[in-house]
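K.L.:
So that we are looking at the same thing, I have put the structure below in structure tokens.
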Amino acid sequence: MTTDHEAERIRRIRERAFYLSLARPAPPDPVADWIEAEAAEIAAEAATVEPPAPEPPAPAPPAPAPLARYPHLAEVIARSSPALASAQLTARAEHAARADDHVALDRLDRDLHLLAARFKPGEIGRLTDALASTTTEPIDAEIGWDLATMQIHLFAALQRRELLQSIGVRPARRVTRAEPHRCTIGPKGLSLSVEVQPDLGAGFHALRNAVDALTQRAAMAKGATWKSTLSYRGELTGVRGPATADALASLEAELLASPARPSAALAVAIGSAVFDVFVSEESAEAPTTLLSQMLPSFKKLLETRAQEDAPFLIANVRLPPAPGESDAALPPTLELVAKKASAGAALLANSASSLWLGLLDLDLRAADPRLRLVVRPAASWPLPYRDLATSLDATLAVL
């Protein structure tokens, strides 16, 4: 028994077969007519069937958060400023992802984790707050970032050697200089103070470019050729300096008003940071000129630091290059200045000649950063400096 639909289908096939037989030449072939008519019916039926609707595309997986690779940095941001992302850190993470170069941030993440395991959040808050800064001024943010990372890397290097006693130690008595970035290290039960200084040409990339540009403009107005060098002096005490644009405008006005190239350092304060700007001629004698300008400021640093009547080292840290910055090797300017200061150390006030032990270098531009201890044998060492170099796993040199 056939259904109405099947009966109608057979009728259409029979009708197609009849017309095919009329068109076919003799002799007649009913079987071939029927097969061809049935095939035509099947094709017609298939043409009337609508194809299934395409499956909707699967939603794209969410892009990973910029800080997903750096869990300890992300934790710092979440703890310090849960409602606001750090523009500085996010920008650096995104740049690292685009360039597929995560070396600097991976190292910072590891070092921060090491310090977070050793110290309480309040003890490293000064460092992590700078990393989580939400300031809208790029140069101000970069200054805070570079100062914080410089200290984190040095403190972590000392912690790995199990020599780090404390960080952010306050002076024993009030001095005119702001509280320095420092730590204490303690080999064999002793306590040595280490003050952290960024090496010239290390960090503050945007600020160095801005200062150099305005220095060259001022020189061109006088028909001269100058170049500038930037040195971090310290922090303002209890106050905040002008905004970046105002500070740079004041510096340019001072350079334009000077009848000749400034022979002494010019101070520029941005936020809470104070820098010395040294201006030298673009000539073969420029390095010598720079050292002569830096020497009084460095001697003042040593004399002020010696007021605490305790032996100390100056830690000289060179940061990795900023995104877009050349990785060209720069001369060890601070070490050259230290050699000059050491040669005349007998004239330094506050017994700095005996209390200043030398320099502790950390070059983070190297693939395998190593500590380097540059000593003053004539200083009053509380332990043999060769023993200290061994404890630090540092190479040894003499000023």
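To be explicit about the labels: the chains of the structure tokens are called A, B, and onward in the order shown, and within each one the residues are counted from 1, while ligands get numbers from 1 in the order they are shown.
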Which polymer residues have any atom within 12 Å of an atom of Ala349 of chain A, counting only C-alpha atoms, with same-chain residues fewer than 5 positions away left out, as a list in words?
P.N.:
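Selected residues are Lys299, Lys300, Leu301, Leu302, Glu303, Thr304, Arg305, Ala306, Gln307, Asp309, Gly344, Ser354, Leu355 and Trp356 of chain A.
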K.L.:
I want to know what sits within 12 Å of Leu388 of chain A, based on only C-alpha atoms, with residues of the same chain fewer than 3 positions away left out; could you give that as a PyMOL selection string?
P.N.:
chain A and resi 158+161+163+185-192+313+357+360+371-375+381-385+391-396
K.L.:
Between A:Ala352, A:Ala213, A:Val76, A:Ala156, which one has atoms that come closest to Pro121 of chain A, using only C-alpha atoms?
P.N.:
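Answer, going by the shortest atom-to-atom distance: A:Val76.
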K.L.:
Excluding same-chain residues fewer than 2 positions from Leu112 of chain A, what lies within 10 Å of it counting only C-alpha atoms, as a list in words?
P.N.:
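The residues that qualify are His72, Leu73, Val76, Asp106, Arg107, Leu108, Asp109, Arg110, Leu114, Leu115, Ala116, Ala117, Arg118, Ile124, Leu127, Thr128, Thr149, Ile152, His153, Phe155 and Ala156 of chain A.
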K.L.:
Convert the current residue selection to file output with N, CA, C and O atoms, as a PDB file, in the first residue's frame.
P.N.:
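See selection38.pdb below for the written result:
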ATOM      1  N   HIS A  72      53.712  37.235  40.134  1.00  0.00           N
ATOM      2  CA  HIS A  72      54.093  37.996  41.329  1.00  0.00           C
ATOM      3  C   HIS A  72      53.959  39.497  41.101  1.00  0.00           C
ATOM      4  O   HIS A  72      53.568  40.237  42.004  1.00  0.00           O
ATOM      5  N   LEU A  73      54.236  39.950  39.889  1.00  0.00           N
ATOM      6  CA  LEU A  73      53.973  41.341  39.561  1.00  0.00           C
ATOM      7  C   LEU A  73      52.475  41.612  39.569  1.00  0.00           C
ATOM      8  O   LEU A  73      52.022  42.654  40.053  1.00  0.00           O
ATOM      9  N   VAL A  76      51.303  42.035  43.059  1.00  0.00           N
ATOM     10  CA  VAL A  76      51.659  43.349  43.593  1.00  0.00           C
ATOM     11  C   VAL A  76      50.618  44.377  43.198  1.00  0.00           C
ATOM     12  O   VAL A  76      50.150  45.181  44.006  1.00  0.00           O
ATOM     13  N   ASP A 106      60.565  38.818  33.303  1.00  0.00           N
ATOM     14  CA  ASP A 106      60.690  37.513  33.973  1.00  0.00           C
ATOM     15  C   ASP A 106      61.659  37.621  35.158  1.00  0.00           C
ATOM     16  O   ASP A 106      61.404  37.083  36.242  1.00  0.00           O
ATOM     17  N   ARG A 107      62.774  38.309  34.945  1.00  0.00           N
ATOM     18  CA  ARG A 107      63.752  38.478  36.009  1.00  0.00           C
ATOM     19  C   ARG A 107      63.162  39.292  37.160  1.00  0.00           C
ATOM     20  O   ARG A 107      63.350  38.952  38.330  1.00  0.00           O
ATOM     21  N   LEU A 108      62.446  40.353  36.824  1.00  0.00           N
ATOM     22  CA  LEU A 108      61.829  41.179  37.858  1.00  0.00           C
ATOM     23  C   LEU A 108      60.794  40.378  38.642  1.00  0.00           C
ATOM     24  O   LEU A 108      60.709  40.489  39.875  1.00  0.00           O
ATOM     25  N   ASP A 109      60.020  39.553  37.957  1.00  0.00           N
ATOM     26  CA  ASP A 109      59.004  38.733  38.621  1.00  0.00           C
ATOM     27  C   ASP A 109      59.658  37.752  39.592  1.00  0.00           C
ATOM     28  O   ASP A 109      59.199  37.587  40.735  1.00  0.00           O
ATOM     29  N   ARG A 110      60.747  37.110  39.165  1.00  0.00           N
ATOM     30  CA  ARG A 110      61.443  36.163  40.044  1.00  0.00           C
ATOM     31  C   ARG A 110      62.048  36.873  41.253  1.00  0.00           C
ATOM     32  O   ARG A 110      61.947  36.393  42.386  1.00  0.00           O
ATOM     33  N   LEU A 114      61.227  36.461  45.298  1.00  0.00           N
ATOM     34  CA  LEU A 114      62.247  36.131  46.301  1.00  0.00           C
ATOM     35  C   LEU A 114      62.172  37.091  47.490  1.00  0.00           C
ATOM     36  O   LEU A 114      62.235  36.662  48.650  1.00  0.00           O
ATOM     37  N   LEU A 115      62.016  38.380  47.216  1.00  0.00           N
ATOM     38  CA  LEU A 115      61.956  39.361  48.308  1.00  0.00           C
ATOM     39  C   LEU A 115      60.635  39.250  49.071  1.00  0.00           C
ATOM     40  O   LEU A 115      60.601  39.438  50.293  1.00  0.00           O
ATOM     41  N   ALA A 116      59.541  38.956  48.363  1.00  0.00           N
ATOM     42  CA  ALA A 116      58.246  38.828  49.032  1.00  0.00           C
ATOM     43  C   ALA A 116      58.235  37.648  49.998  1.00  0.00           C
ATOM     44  O   ALA A 116      57.535  37.671  51.018  1.00  0.00           O
ATOM     45  N   ALA A 117      59.028  36.615  49.686  1.00  0.00           N
ATOM     46  CA  ALA A 117      59.128  35.469  50.588  1.00  0.00           C
ATOM     47  C   ALA A 117      60.001  35.779  51.801  1.00  0.00           C
ATOM     48  O   ALA A 117      59.893  35.114  52.833  1.00  0.00           O
ATOM     49  N   ARG A 118      60.856  36.786  51.680  1.00  0.00           N
ATOM     50  CA  ARG A 118      61.803  37.115  52.751  1.00  0.00           C
ATOM     51  C   ARG A 118      61.288  38.225  53.660  1.00  0.00           C
ATOM     52  O   ARG A 118      61.499  38.204  54.866  1.00  0.00           O
ATOM     53  N   ILE A 124      58.537  45.985  51.962  1.00  0.00           N
ATOM     54  CA  ILE A 124      58.880  46.227  50.557  1.00  0.00           C
ATOM     55  C   ILE A 124      57.822  47.096  49.882  1.00  0.00           C
ATOM     56  O   ILE A 124      57.803  47.225  48.662  1.00  0.00           O
ATOM     57  N   LEU A 127      58.885  49.764  47.393  1.00  0.00           N
ATOM     58  CA  LEU A 127      59.244  49.269  46.063  1.00  0.00           C
ATOM     59  C   LEU A 127      58.007  48.906  45.249  1.00  0.00           C
ATOM     60  O   LEU A 127      57.879  49.293  44.088  1.00  0.00           O
ATOM     61  N   THR A 128      57.094  48.164  45.858  1.00  0.00           N
ATOM     62  CA  THR A 128      55.928  47.699  45.116  1.00  0.00           C
ATOM     63  C   THR A 128      54.972  48.841  44.795  1.00  0.00           C
ATOM     64  O   THR A 128      54.299  48.819  43.761  1.00  0.00           O
ATOM     65  N   THR A 149      62.939  48.975  40.387  1.00  0.00           N
ATOM     66  CA  THR A 149      63.520  47.755  39.819  1.00  0.00           C
ATOM     67  C   THR A 149      65.012  47.664  40.119  1.00  0.00           C
ATOM     68  O   THR A 149      65.536  46.564  40.362  1.00  0.00           O
ATOM     69  N   ILE A 152      65.174  46.305  43.630  1.00  0.00           N
ATOM     70  CA  ILE A 152      64.685  44.921  43.700  1.00  0.00           C
ATOM     71  C   ILE A 152      65.755  43.958  43.197  1.00  0.00           C
ATOM     72  O   ILE A 152      66.037  42.930  43.822  1.00  0.00           O
ATOM     73  N   HIS A 153      66.380  44.283  42.088  1.00  0.00           N
ATOM     74  CA  HIS A 153      67.392  43.382  41.524  1.00  0.00           C
ATOM     75  C   HIS A 153      68.620  43.284  42.422  1.00  0.00           C
ATOM     76  O   HIS A 153      69.173  42.197  42.614  1.00  0.00           O
ATOM     77  N   PHE A 155      68.787  43.921  45.756  1.00  0.00           N
ATOM     78  CA  PHE A 155      68.425  43.247  47.006  1.00  0.00           C
ATOM     79  C   PHE A 155      68.250  41.752  46.794  1.00  0.00           C
ATOM     80  O   PHE A 155      68.640  40.931  47.632  1.00  0.00           O
ATOM     81  N   ALA A 156      67.660  41.366  45.642  1.00  0.00           N
ATOM     82  CA  ALA A 156      67.478  39.944  45.366  1.00  0.00           C
ATOM     83  C   ALA A 156      68.823  39.253  45.157  1.00  0.00           C
ATOM     84  O   ALA A 156      69.022  38.114  45.599  1.00  0.00           O
TER      85      ALA A 156
END
K.L.:
Identify which of the residues A:Leu336, A:Ala315, A:Leu266, A:Ile10 lies closest to Gln197 of chain A, counting only C-alpha atoms when measuring atom-to-atom distances.
P.N.:
A:Ala315
K.L.:
Pick out each residue of segment 180-340 of chain A that DSSP on the backbone tags as alpha helix (DSSP H); I need them as a PyMOL selection string.
P.N.:
chain A and resi 205-221+244-257+286-305+333-340
K.L.:
DSSP on the backbone: which residues in segment 13-183 of chain A end up as strand (DSSP E or B)? Give the answer as a list in words.
P.N.:
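Answer for segment 13-183 of chain A restricted to strand (DSSP E or B) is Leu164, Gln165, Ser166, Ile167, Arg182 and Cys183 of chain A.
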K.L.:
Which one is closest to Ala44 of chain A: A:Arg9, A:Arg69, A:Arg208, A:Arg386? Count only C-alpha atoms.
P.N.:
A:Arg9
K.L.:
If you count only C-alpha atoms, which residues fall within 12 Å of Leu147 of chain A, apart from same-chain ones fewer than 6 positions away, as a PyMOL selection string?
P.N.:
chain A and resi 126-131+140-141+153-154+180-182+196-199+202-204+232-235+272-274+317-319
K.L.:
What is the atom CA of Ser342 of chain A-atom CA of Leu236 of chain A distance in Å, reported with one decimal?
P.N.:
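Between these atoms lies a distance of 27.5 Å.
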K.L.:
Of the residues A:Phe119, A:Phe275, A:Trp34, A:Tyr19, which is the one nearest to Leu200 of chain A, using only C-alpha atoms?
P.N.:
A:Phe275
K.L.:
Just how far from atom CA of Arg370 of chain A is atom CA of Ala93 of chain A, in Å to one decimal?
P.N.:
25.2 Å
K.L.:
Would you work out the distance separating atom CA of Leu334 of chain A from atom CA of Ile139 of chain A, expressed in Å to one decimal?
P.N.:
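Atom CA of Ile139 of chain A lies at a distance of 23.3 Å from atom CA of Leu334 of chain A.
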K.L.:
Nearest to Ala104 of chain A among A:Glu45, A:Glu123, A:Glu335, A:Asp146, with distances taken over only C-alpha atoms: which residue is it?
P.N.:
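Closest to Ala104 of chain A of all the choices is A:Asp146.
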K.L.:
Restricting the calculation to only C-alpha atoms: of A:Pro59, A:Leu399, A:Ala157, A:Gln165, which residue gets closest to Asp368 of chain A?
P.N.:
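Checking each candidate against Asp368 of chain A, we get A:Ala157 as the closest.
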K.L.:
For Leu248 of chain A, find every residue with an atom within 9 Å (counting only C-alpha atoms), except residues of its own chain fewer than 5 positions away, and show them as a list of chain:residue names.
P.N.:
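The residues that qualify are A:Ala210, A:Val211, A:Leu214, A:Ala243, A:Ala253, A:Val268, A:Ile270.
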K.L.:
Please produce a file of the residues just selected, as a PDB file, in the first residue's frame, where the atoms kept are N, CA, C and O atoms.
P.N.:
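Saved result, again.pdb, follows:
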ATOM      1  N   ALA A 210      64.742  63.819  27.078  1.00  0.00           N
ATOM      2  CA  ALA A 210      64.133  65.145  27.164  1.00  0.00           C
ATOM      3  C   ALA A 210      65.158  66.191  27.583  1.00  0.00           C
ATOM      4  O   ALA A 210      65.209  67.298  27.030  1.00  0.00           O
ATOM      5  N   VAL A 211      65.995  65.857  28.585  1.00  0.00           N
ATOM      6  CA  VAL A 211      67.007  66.802  29.054  1.00  0.00           C
ATOM      7  C   VAL A 211      68.042  67.066  27.964  1.00  0.00           C
ATOM      8  O   VAL A 211      68.470  68.206  27.751  1.00  0.00           O
ATOM      9  N   LEU A 214      66.591  69.524  25.262  1.00  0.00           N
ATOM     10  CA  LEU A 214      66.547  70.941  25.635  1.00  0.00           C
ATOM     11  C   LEU A 214      67.962  71.513  25.820  1.00  0.00           C
ATOM     12  O   LEU A 214      68.198  72.703  25.577  1.00  0.00           O
ATOM     13  N   ALA A 243      55.757  69.406  38.406  1.00  0.00           N
ATOM     14  CA  ALA A 243      55.437  68.445  37.361  1.00  0.00           C
ATOM     15  C   ALA A 243      56.580  68.402  36.347  1.00  0.00           C
ATOM     16  O   ALA A 243      57.385  69.332  36.251  1.00  0.00           O
ATOM     17  N   ALA A 253      65.129  77.204  30.793  1.00  0.00           N
ATOM     18  CA  ALA A 253      65.273  78.651  31.011  1.00  0.00           C
ATOM     19  C   ALA A 253      66.600  78.958  31.701  1.00  0.00           C
ATOM     20  O   ALA A 253      67.263  79.958  31.382  1.00  0.00           O
ATOM     21  N   VAL A 268      67.581  69.347  39.019  1.00  0.00           N
ATOM     22  CA  VAL A 268      66.214  69.323  38.522  1.00  0.00           C
ATOM     23  C   VAL A 268      65.433  68.305  39.343  1.00  0.00           C
ATOM     24  O   VAL A 268      65.877  67.169  39.534  1.00  0.00           O
ATOM     25  N   ILE A 270      61.848  66.290  39.907  1.00  0.00           N
ATOM     26  CA  ILE A 270      60.615  65.831  39.264  1.00  0.00           C
ATOM     27  C   ILE A 270      59.926  64.887  40.231  1.00  0.00           C
ATOM     28  O   ILE A 270      60.471  63.844  40.589  1.00  0.00           O
TER      29      ILE A 270
END
